[in-house]
Amino acid sequence: MNRTLLAAGLCLVASVPAAAQERPEGPRGEAVGRGTLRGYANPSAVIAAELALDRDAAARGQWTALAATAAPAAVVFTPAPGTRIAWARDWLKGRANPPVAERWQSRSVWSSCDGALVVSRGTWRAGDRGGWFARVWQRQGDGSYKWLVTRSGAEVREDAEPDMIAAQVAECPARKARDEDEPHRKSRPPKPARAKDLPPLDPLRHGGASPDGSLRWEASVGGDGGPHLTAVWRKDGAEQALPVDGMAGSSPPPNLR
């Protein structure tokens, strides 16, 4: 299926306001209980971001495209041996692009309730090589999405390209009781970290969470020296791990080759 047509169709089915599950409406249709985070889930925005990243990689090169769409706090796994977590801005700066860029195809996306974080998973191809990938995206102050971490590996078997990308939204946190006399306040979510404000980076473990706590992620270097990516979200009244670190029948080498 044509990727552009696929994305257009998804905008009709995947752009679902977070808390459509249980949100009452306030004045002028505002979401009460979600307004404190000023956010809503829009998985189709990340599907579109993945499509744009794929096109840019084909046009300008893999590392150039990834550098242009990295969040200020984005990290990468450096290549083995000696896999470590490093700031993406430092590792990607001036790096020569591989002769054949990876082409990415999303298959599933999972969004936090407030839309601040979205996890994407799918497959990649580069010439006669292929595999799986997972990426965590963060909504920026202007509403756009930039990636925070990416992880991939080689895939033994190849699945057929899906007709539709599965998009899901985490369970929204319960509303906190509010004093009826308390004036209605509109607060903004925390701004994404700026590069100059970043703390020292632990080379073995790094992660984060959405402001509403409905989705969190962690990148780590395991005892085997290999890279690992985990993501946990709130669904059906419990925390559940998302299937982001590898796919069935796959062998997970570092994602940076």
# chains A, B, ... in the order shown; residues from 1 in each chain; ligands from 1
$ residues_around --residues "Leu204 of chain A" --least-positions-apart "6" --cutoff "12 Å" --atoms "only C-alpha atoms" --output "list of chain:residue names"
A:Val75, A:Val76, A:Phe77, A:Thr78, A:Gly82, A:Thr83, A:Arg84, A:Ile85, A:Ala86, A:Glu218, A:Ala219, A:Ser220, A:Val221, A:Gly222, A:Gly223, A:Asp224, A:Gly225, A:Gly226, A:Pro227, A:His228, A:Leu229
$ residues_around --residues "Glu239 of chain A" --least-positions-apart "5" --cutoff "12 Å" --atoms "only C-alpha atoms" --output "MDAnalysis selection string"
chainID A and resid 170:173 213:216 231:234
$ closest_atom_pairs --of "segment 88-151 of chain A" --to "segment 60-72 of chain A" --cutoff "8 Å" --atoms "only C-alpha atoms" --output "JSON lines"
{"residue": "A:Ala88", "atom": "CA", "partner": "A:Ala70", "partner_atom": "CA", "distance": 7.2}
{"residue": "A:Arg89", "atom": "CA", "partner": "A:Ala67", "partner_atom": "CA", "distance": 6.8}
{"residue": "A:Leu92", "atom": "CA", "partner": "A:Ala67", "partner_atom": "CA", "distance": 6.0}
{"residue": "A:Lys93", "atom": "CA", "partner": "A:Ala67", "partner_atom": "CA", "distance": 7.4}
{"residue": "A:Arg95", "atom": "CA", "partner": "A:Trp63", "partner_atom": "CA", "distance": 6.8}
{"residue": "A:Ala96", "atom": "CA", "partner": "A:Trp63", "partner_atom": "CA", "distance": 7.3}
{"residue": "A:Asn97", "atom": "CA", "partner": "A:Gly61", "partner_atom": "CA", "distance": 5.5}
{"residue": "A:Pro98", "atom": "CA", "partner": "A:Gln62", "partner_atom": "CA", "distance": 7.0}
{"residue": "A:Val100", "atom": "CA", "partner": "A:Gly61", "partner_atom": "CA", "distance": 8.0}
{"residue": "A:Ala101", "atom": "CA", "partner": "A:Gln62", "partner_atom": "CA", "distance": 5.0}
{"residue": "A:Glu102", "atom": "CA", "partner": "A:Gln62", "partner_atom": "CA", "distance": 6.5}
{"residue": "A:Gln138", "atom": "CA", "partner": "A:Ala71", "partner_atom": "CA", "distance": 7.3}
{"residue": "A:Lys146", "atom": "CA", "partner": "A:Ala71", "partner_atom": "CA", "distance": 4.9}
{"residue": "A:Trp147", "atom": "CA", "partner": "A:Ala70", "partner_atom": "CA", "distance": 5.1}
{"residue": "A:Leu148", "atom": "CA", "partner": "A:Ala71", "partner_atom": "CA", "distance": 5.7}
$ write_last_selection --atoms "C-alpha atoms" --output "compact mmCIF listing (two decimals), in the first residue's frame"
# COMPACT_ATOMS: atom_id res chain seq x y z
CA ALA A 88 22.58 11.90 19.98
CA ARG A 89 23.66 15.45 19.16
CA LEU A 92 25.53 12.23 15.02
CA LYS A 93 27.33 15.55 14.51
CA ARG A 95 28.92 11.68 10.89
CA ALA A 96 29.16 10.43 7.31
CA ASN A 97 25.98 8.82 6.05
CA PRO A 98 26.03 5.14 5.05
CA VAL A 100 22.42 2.99 1.56
CA ALA A 101 20.01 4.56 4.04
CA GLU A 102 17.66 2.50 6.15
CA GLN A 138 8.48 13.38 22.39
CA LYS A 146 11.11 14.64 17.81
CA TRP A 147 12.64 11.30 18.72
CA LEU A 148 14.29 10.55 22.08
$ select_by_dssp --residues "segment 121-155 of chain A" --states "strand (DSSP E or B)" --output "PyMOL selection string"
chain A and resi 121-126+129-139+145-155
$ closest_residue --among "A:Thr123, A:Gln240, A:Ser108, A:Asn42" --to "Ala154 of chain A" --atoms "only C-alpha atoms"
A:Thr123
$ closest_residue --among "A:Ala126, A:Cys113, A:Ile165, A:Ala174" --to "Ala48 of chain A" --atoms "only C-alpha atoms"
A:Ile165
$ residues_around --residues "Ala52 of chain A" --least-positions-apart "5" --cutoff "12 Å" --atoms "only C-alpha atoms" --output "MDAnalysis selection string"
chainID A and resid 3:4 7 45:47 57:60 65:66 68:69 103:106 145:146
$ atom_distance --atom1 "atom CA of Asp128 of chain A" --atom2 "atom CA of Pro99 of chain A"
13.1 Å
